[in-house]
Amino acid sequence: MAYIKVDNLRLSYHVLVETGSIRKAMISNLLGGFVRKKKDNKNIVTIDAIRGVDLELDDGDRLAVIGHNGAGKTSLLKVLASIYKPTSGSVRISGEVESLINTGFGLEMEETGRENIRFILTLLGRPINSIEQEIEEISEFTELGEFLDLPVRTYSTGMQTRLSFAISTNIKPEILLMDEMIGAGDHRFQEKAQKRIEQIAKQTKIIVLASHAEALIKEWCNKAIWMEQGKIIDVGGPEELWASYIKSMTS
Amino acid sequence: MGKLYLGVILKDYGKRLYTIYMKDASNSIQKGLINETLDFVKSDFLPGILNFGRWKALSLRSLRAMNRRAKLGFLWVIMSATVFVVAVSLVYSLVFNIDVDVLLPYIATGYITWALIMSALTSMPILFTTYAAYITQKNLPLTVYVTANAFEKMVVFIAQSLVILVTCCVFKTGVSLALLILPISLTLIFLTAIGASFFIGVAAVRYRDLGQVVNSSILIIFLLTPIIWKPEFSGKRALIVELNPIYHFIHIIRAPILEHEIPLMSLLVASGICLSFFLLGFVVMAAYRHRIVFWL
């Protein structure tokens with residue numbers, strides 16, 4: 001059984017407005033504590049990306065996260081993917097997590113498609129004895145044929161997307177985190193990609209989807225949260241929540 | 001300037017470590033520094049360094065990228081070292097009237113070891129930014145990147161040591177049992193590079209100027225270290241050689257090859273430095289590793 005339990009999650013981080021702050025740090029170091037404090041406040045901006053989020057998901061839950069840009073949707077996904085560590089609060093996850101936050105992971109333009117596939121699978125720690133077979137599966141899915149033995153820099157944008165889509169979606173997770181829908185090449189490939197995502201979604205126990213695509217949310221999800229400024233401001237069914245989200249924007 | 005700079009970093013580190021040690025008020029899971037360090041070793045360092053396949057793949061990728069479209073490709077790595085060693089030796093033997101057969105093996109061993117230390121040192125400040133695209137997208141142990149970087153430098157060194165091998169054969173520097181110490185010396189350099197990368201890498205991703213400090217001091221360190229000159233030249237000022245940590249790291253490679261002796265003192269100093277870097281690096285990683293992703 002897979003679950004996600006998030007309790008009073010907060011995420012804040014410091015952004016250095018002036019990266020060369022060493023000069024000021026040095027001056028303030030010479031001048032002592034008083035100035036330092038003041039300078040510190042000026043140079044370091046704290047961003048409160050998530051401000052107290054509670055969440056409980058179990059098998060079969062398909063959660064849509066809606067909200068404006070900068071509402072904290074991607075930050076929430078990155079915390080769930082353990083890329084960001086919570087500042088406070090607890091996150092308990094049971095089940096294998098895969099994230100499709102950014103599909104362009106690990107592509108090197110100078111290497112061939114096949115070299116890229118092998119590299120990314122190795123880096124992600126796939127078992128050695130199944131890698132060869134997986135490379136075959138992925139190669140076949142891309143339909144790139146002989147291009148797979150050419151450097152990726154010779155690919156068109158659409159071909160690159162196909163390659164990275166095929167690599168990043170060759171997964172069978174228990175928990176799937178998705179940020180928007182991933183585009184994938186021309187019309188025919190798009191359909192194929194859509195099918196593949198649906199296939200994964202069917203086998204996945206929990207999905208968290210941050211999206212602005214109405215159709216996707218309504219078709220896929222059975223729960224929804226609405227985030228604004230790092231907080232959940234409303235919870236409900238995807239259809240009704242989407243309606244009130246749209247209403248809030250037009251009014 | 002450098003001293004003051006180090007002061008700022010140490011002060012910042014100190015403050016952070018103090019707050020962790022005194023239980024960080026903003027952290028609900030309140031752990032002491034020791035627990036944090038153990039947690040780093042358990043969840044990042046060991047899984048990172050023991051997963052050979054991962055860091056090997058990463059370093060092979062950067063090695064393949066070296067001079068990729070040049071006709072001679074990776075061979076350039078060896079060629080450039082050869083050119084430098086031969087040129088410096090010839091100039092020196094002409095200007096100072098020193099025998100080439102003594103000078104060339106000396107400069108070959110010293111310079112190629114120096115090239116390893118220099119490339120490791122200058123890569124440390126940009127280590128995490130180099131791998132930013134990976135770090136911000138997947139939660140792999142950070143040790144994977146650190147180890148990959150150090151391993152990459154070691155492979156380049158091993159390729160370049162062909163020059164050492166050839167010069168030593170040509171000028172007949174001889175063979176002895178002392179050569180058996182070389183794998184230990186190399187391992188020591190490899191480990192020190194990993195330990196130092198933790199410490200310097202974290203500091204430099206927070207204080208970007210540190211990279212420039214390292215880059216601009218590299219030439220001074222090169223001149224102060226007996227690489228193209230012999231320790232005997234320093235005469236009464238031999239202390240600047242003995243106190244130079246880089247000298248000991250070069251000596252543990254050079255002494256077994258040229259002097260056929262096991263440099264116990266230098267091995268001891270190098271081990272001490274390695275250990276200190278590991279301790280410092282572990283503590284700093286324990287305190288800061290979750291912040292690196294926001295600093296990139």
# chains A, B, ... in the order shown; residues from 1 in each chain; ligands from 1

call {"tool": "residues_around", "arguments": {"residues": "Leu63 of chain A", "least_positions_apart": "2", "cutoff": "7 Å", "atoms": "only C-alpha atoms", "output": "list in words"}}
result
Asp61, Val65, Ile207, Val208, Leu209, Cys221, Asn222, Lys223 and Ala224 of chain A

call {"tool": "interface_residues", "arguments": {"of": "chain A", "to": "chain B", "cutoff": "6 Å", "atoms": "only C-alpha atoms", "output": "VMD selection string"}}
result
chain A and resid 83 88 123

call {"tool": "residues_around", "arguments": {"residues": "Leu46 of chain B", "least_positions_apart": "5", "cutoff": "12 Å", "atoms": "only C-alpha atoms", "output": "short mmCIF file (atom, residue, chain, number, x, y, z; two decimals) with all heavy atoms, in the first residue's frame"}}
result
data_model
loop_
_atom_site.label_atom_id
_atom_site.label_comp_id
_atom_site.auth_asym_id
_atom_site.auth_seq_id
_atom_site.Cartn_x
_atom_site.Cartn_y
_atom_site.Cartn_z
N LEU B 38 26.13 11.64 11.07
CA LEU B 38 25.90 10.20 10.86
C LEU B 38 24.85 10.00 9.78
O LEU B 38 24.97 9.13 8.93
CB LEU B 38 25.46 9.54 12.16
CG LEU B 38 26.55 9.36 13.21
CD1 LEU B 38 25.98 8.71 14.46
CD2 LEU B 38 27.69 8.51 12.64
N ASP B 39 23.84 10.86 9.82
CA ASP B 39 22.77 10.76 8.83
C ASP B 39 23.32 11.02 7.43
O ASP B 39 22.97 10.33 6.47
CB ASP B 39 21.68 11.79 9.17
CG ASP B 39 20.50 11.65 8.23
OD1 ASP B 39 20.00 10.53 8.12
OD2 ASP B 39 20.12 12.65 7.60
N PHE B 40 24.23 11.99 7.32
CA PHE B 40 24.85 12.27 6.02
C PHE B 40 25.64 11.06 5.53
O PHE B 40 25.52 10.64 4.38
CB PHE B 40 25.77 13.49 6.10
CG PHE B 40 26.70 13.61 4.92
CD1 PHE B 40 26.20 13.93 3.67
CD2 PHE B 40 28.07 13.37 5.06
CE1 PHE B 40 27.05 14.01 2.57
CE2 PHE B 40 28.91 13.45 3.97
CZ PHE B 40 28.40 13.77 2.72
N VAL B 41 26.42 10.48 6.43
CA VAL B 41 27.24 9.33 6.05
C VAL B 41 26.35 8.17 5.60
O VAL B 41 26.61 7.52 4.59
CB VAL B 41 28.16 8.89 7.22
CG1 VAL B 41 28.87 7.59 6.90
CG2 VAL B 41 29.17 9.98 7.51
N ASN B 51 28.10 3.15 -4.85
CA ASN B 51 27.46 2.87 -6.14
C ASN B 51 28.39 3.25 -7.28
O ASN B 51 28.30 4.30 -7.90
CB ASN B 51 26.14 3.64 -6.25
CG ASN B 51 25.26 3.02 -7.31
OD1 ASN B 51 25.74 2.59 -8.37
ND2 ASN B 51 23.97 2.98 -7.06
N PHE B 52 29.31 2.34 -7.52
CA PHE B 52 30.38 2.51 -8.50
C PHE B 52 29.84 2.90 -9.87
O PHE B 52 30.34 3.81 -10.51
CB PHE B 52 31.12 1.17 -8.56
CG PHE B 52 32.33 1.19 -9.43
CD1 PHE B 52 33.48 1.80 -9.00
CD2 PHE B 52 32.31 0.59 -10.69
CE1 PHE B 52 34.61 1.83 -9.80
CE2 PHE B 52 33.43 0.61 -11.49
CZ PHE B 52 34.58 1.22 -11.04
N PRO B 141 22.39 11.04 -4.28
CA PRO B 141 23.33 11.48 -3.24
C PRO B 141 24.36 12.45 -3.84
O PRO B 141 24.87 12.20 -4.93
CB PRO B 141 24.02 10.18 -2.81
CG PRO B 141 23.11 9.09 -3.25
CD PRO B 141 22.38 9.58 -4.44
N LEU B 142 24.65 13.51 -3.14
CA LEU B 142 25.60 14.50 -3.66
C LEU B 142 27.01 13.91 -3.78
O LEU B 142 27.83 14.35 -4.58
CB LEU B 142 25.63 15.74 -2.76
CG LEU B 142 24.33 16.55 -2.77
CD1 LEU B 142 24.34 17.62 -1.68
CD2 LEU B 142 24.12 17.20 -4.12
N THR B 143 27.27 12.87 -2.98
CA THR B 143 28.57 12.21 -3.03
C THR B 143 28.86 11.65 -4.42
O THR B 143 30.01 11.55 -4.82
CB THR B 143 28.61 11.08 -1.98
OG1 THR B 143 28.19 11.63 -0.74
CG2 THR B 143 29.99 10.50 -1.84
N VAL B 144 27.81 11.30 -5.16
CA VAL B 144 27.99 10.77 -6.51
C VAL B 144 28.75 11.79 -7.37
O VAL B 144 29.71 11.45 -8.06
CB VAL B 144 26.62 10.45 -7.16
CG1 VAL B 144 26.78 10.13 -8.64
CG2 VAL B 144 25.97 9.28 -6.45
N THR B 147 32.46 12.27 -6.06
CA THR B 147 33.32 11.15 -6.40
C THR B 147 33.60 11.11 -7.90
O THR B 147 34.73 10.86 -8.33
CB THR B 147 32.68 9.82 -5.96
OG1 THR B 147 32.15 9.99 -4.66
CG2 THR B 147 33.70 8.70 -5.94
N PHE B 282 32.54 16.37 6.14
CA PHE B 282 31.36 15.68 6.66
C PHE B 282 30.50 16.64 7.48
O PHE B 282 29.28 16.68 7.33
CB PHE B 282 31.78 14.49 7.54
CG PHE B 282 32.05 13.24 6.75
CD1 PHE B 282 31.96 13.25 5.37
CD2 PHE B 282 32.38 12.06 7.39
CE1 PHE B 282 32.20 12.10 4.64
CE2 PHE B 282 32.63 10.90 6.67
CZ PHE B 282 32.55 10.93 5.30
#

call {"tool": "residues_around", "arguments": {"residues": "Ser211 of chain A", "least_positions_apart": "4", "cutoff": "7 Å", "atoms": "only C-alpha atoms", "output": "PyMOL selection string"}}
result
chain A and resi 65-66+179-180

call {"tool": "residues_around", "arguments": {"residues": "segment 98-101 of chain B", "least_positions_apart": "5", "cutoff": "12 Å", "atoms": "only C-alpha atoms", "output": "PyMOL selection string"}}
result
chain B and resi 85-93+106-108+167-173+229-230+258

call {"tool": "write_last_selection", "arguments": {"atoms": "C-alpha atoms", "output": "CSV table (one decimal), in the first residue's frame"}}
result
chain,number,residue,atom,x,y,z
B,85,VAL,CA,57.5,18.9,-19.6
B,86,VAL,CA,59.9,18.7,-22.5
B,87,ALA,CA,59.9,22.5,-23.1
B,88,VAL,CA,60.5,23.4,-19.5
B,89,SER,CA,63.3,20.8,-19.2
B,90,LEU,CA,65.1,22.0,-22.3
B,91,VAL,CA,64.9,25.6,-21.3
B,92,TYR,CA,66.1,24.9,-17.9
B,93,SER,CA,69.0,22.7,-18.9
B,106,TYR,CA,62.1,15.2,-12.1
B,107,ILE,CA,59.9,17.7,-13.9
B,108,ALA,CA,57.8,15.0,-15.6
B,167,THR,CA,60.9,9.5,-19.4
B,168,CYS,CA,61.8,7.2,-16.5
B,169,CYS,CA,62.5,4.3,-19.0
B,170,VAL,CA,64.5,6.6,-21.3
B,171,PHE,CA,66.7,8.1,-18.6
B,172,LYS,CA,66.8,4.8,-16.6
B,173,THR,CA,65.8,6.0,-13.2
B,229,TRP,CA,62.8,23.6,-9.0
B,230,LYS,CA,64.3,21.4,-6.4
B,258,LEU,CA,63.1,9.0,-8.4

call {"tool": "atom_distance", "arguments": {"atom1": "atom CA of Pro263 of chain B", "atom2": "atom CA of Asn97 of chain B"}}
result
28.7 Å

call {"tool": "atom_distance", "arguments": {"atom1": "atom CA of Glu152 of chain B", "atom2": "atom CA of Ser123 of chain B"}}
result
10.7 Å

call {"tool": "select_by_dssp", "arguments": {"residues": "segment 139-238 of chain B", "states": "alpha helix (DSSP H)", "output": "number ranges by chain"}}
result
B: 142-170, 182-206, 209-224

call {"tool": "residues_around", "arguments": {"residues": "Pro183 of chain B", "least_positions_apart": "5", "cutoff": "10 Å", "atoms": "only C-alpha atoms", "output": "list in words"}}
result
Leu188, Ile189 and Ile253 of chain B

call {"tool": "write_last_selection", "arguments": {"atoms": "C-alpha atoms", "output": "short mmCIF file (atom, residue, chain, number, x, y, z; two decimals), in the first residue's frame"}}
result
data_model
loop_
_atom_site.label_atom_id
_atom_site.label_comp_id
_atom_site.auth_asym_id
_atom_site.auth_seq_id
_atom_site.Cartn_x
_atom_site.Cartn_y
_atom_site.Cartn_z
CA LEU B 188 45.37 9.06 -0.68
CA ILE B 189 45.21 11.81 -3.29
CA ILE B 253 54.46 10.25 -5.87
#

call {"tool": "atom_distance", "arguments": {"atom1": "atom CA of Ala81 of chain A", "atom2": "atom CA of Ile246 of chain A"}}
result
28.5 Å

call {"tool": "closest_residue", "arguments": {"among": "B:His251, B:Lys71, B:Pro245, B:Thr192", "to": "Pro231 of chain B", "atoms": "only C-alpha atoms"}}
result
B:His251
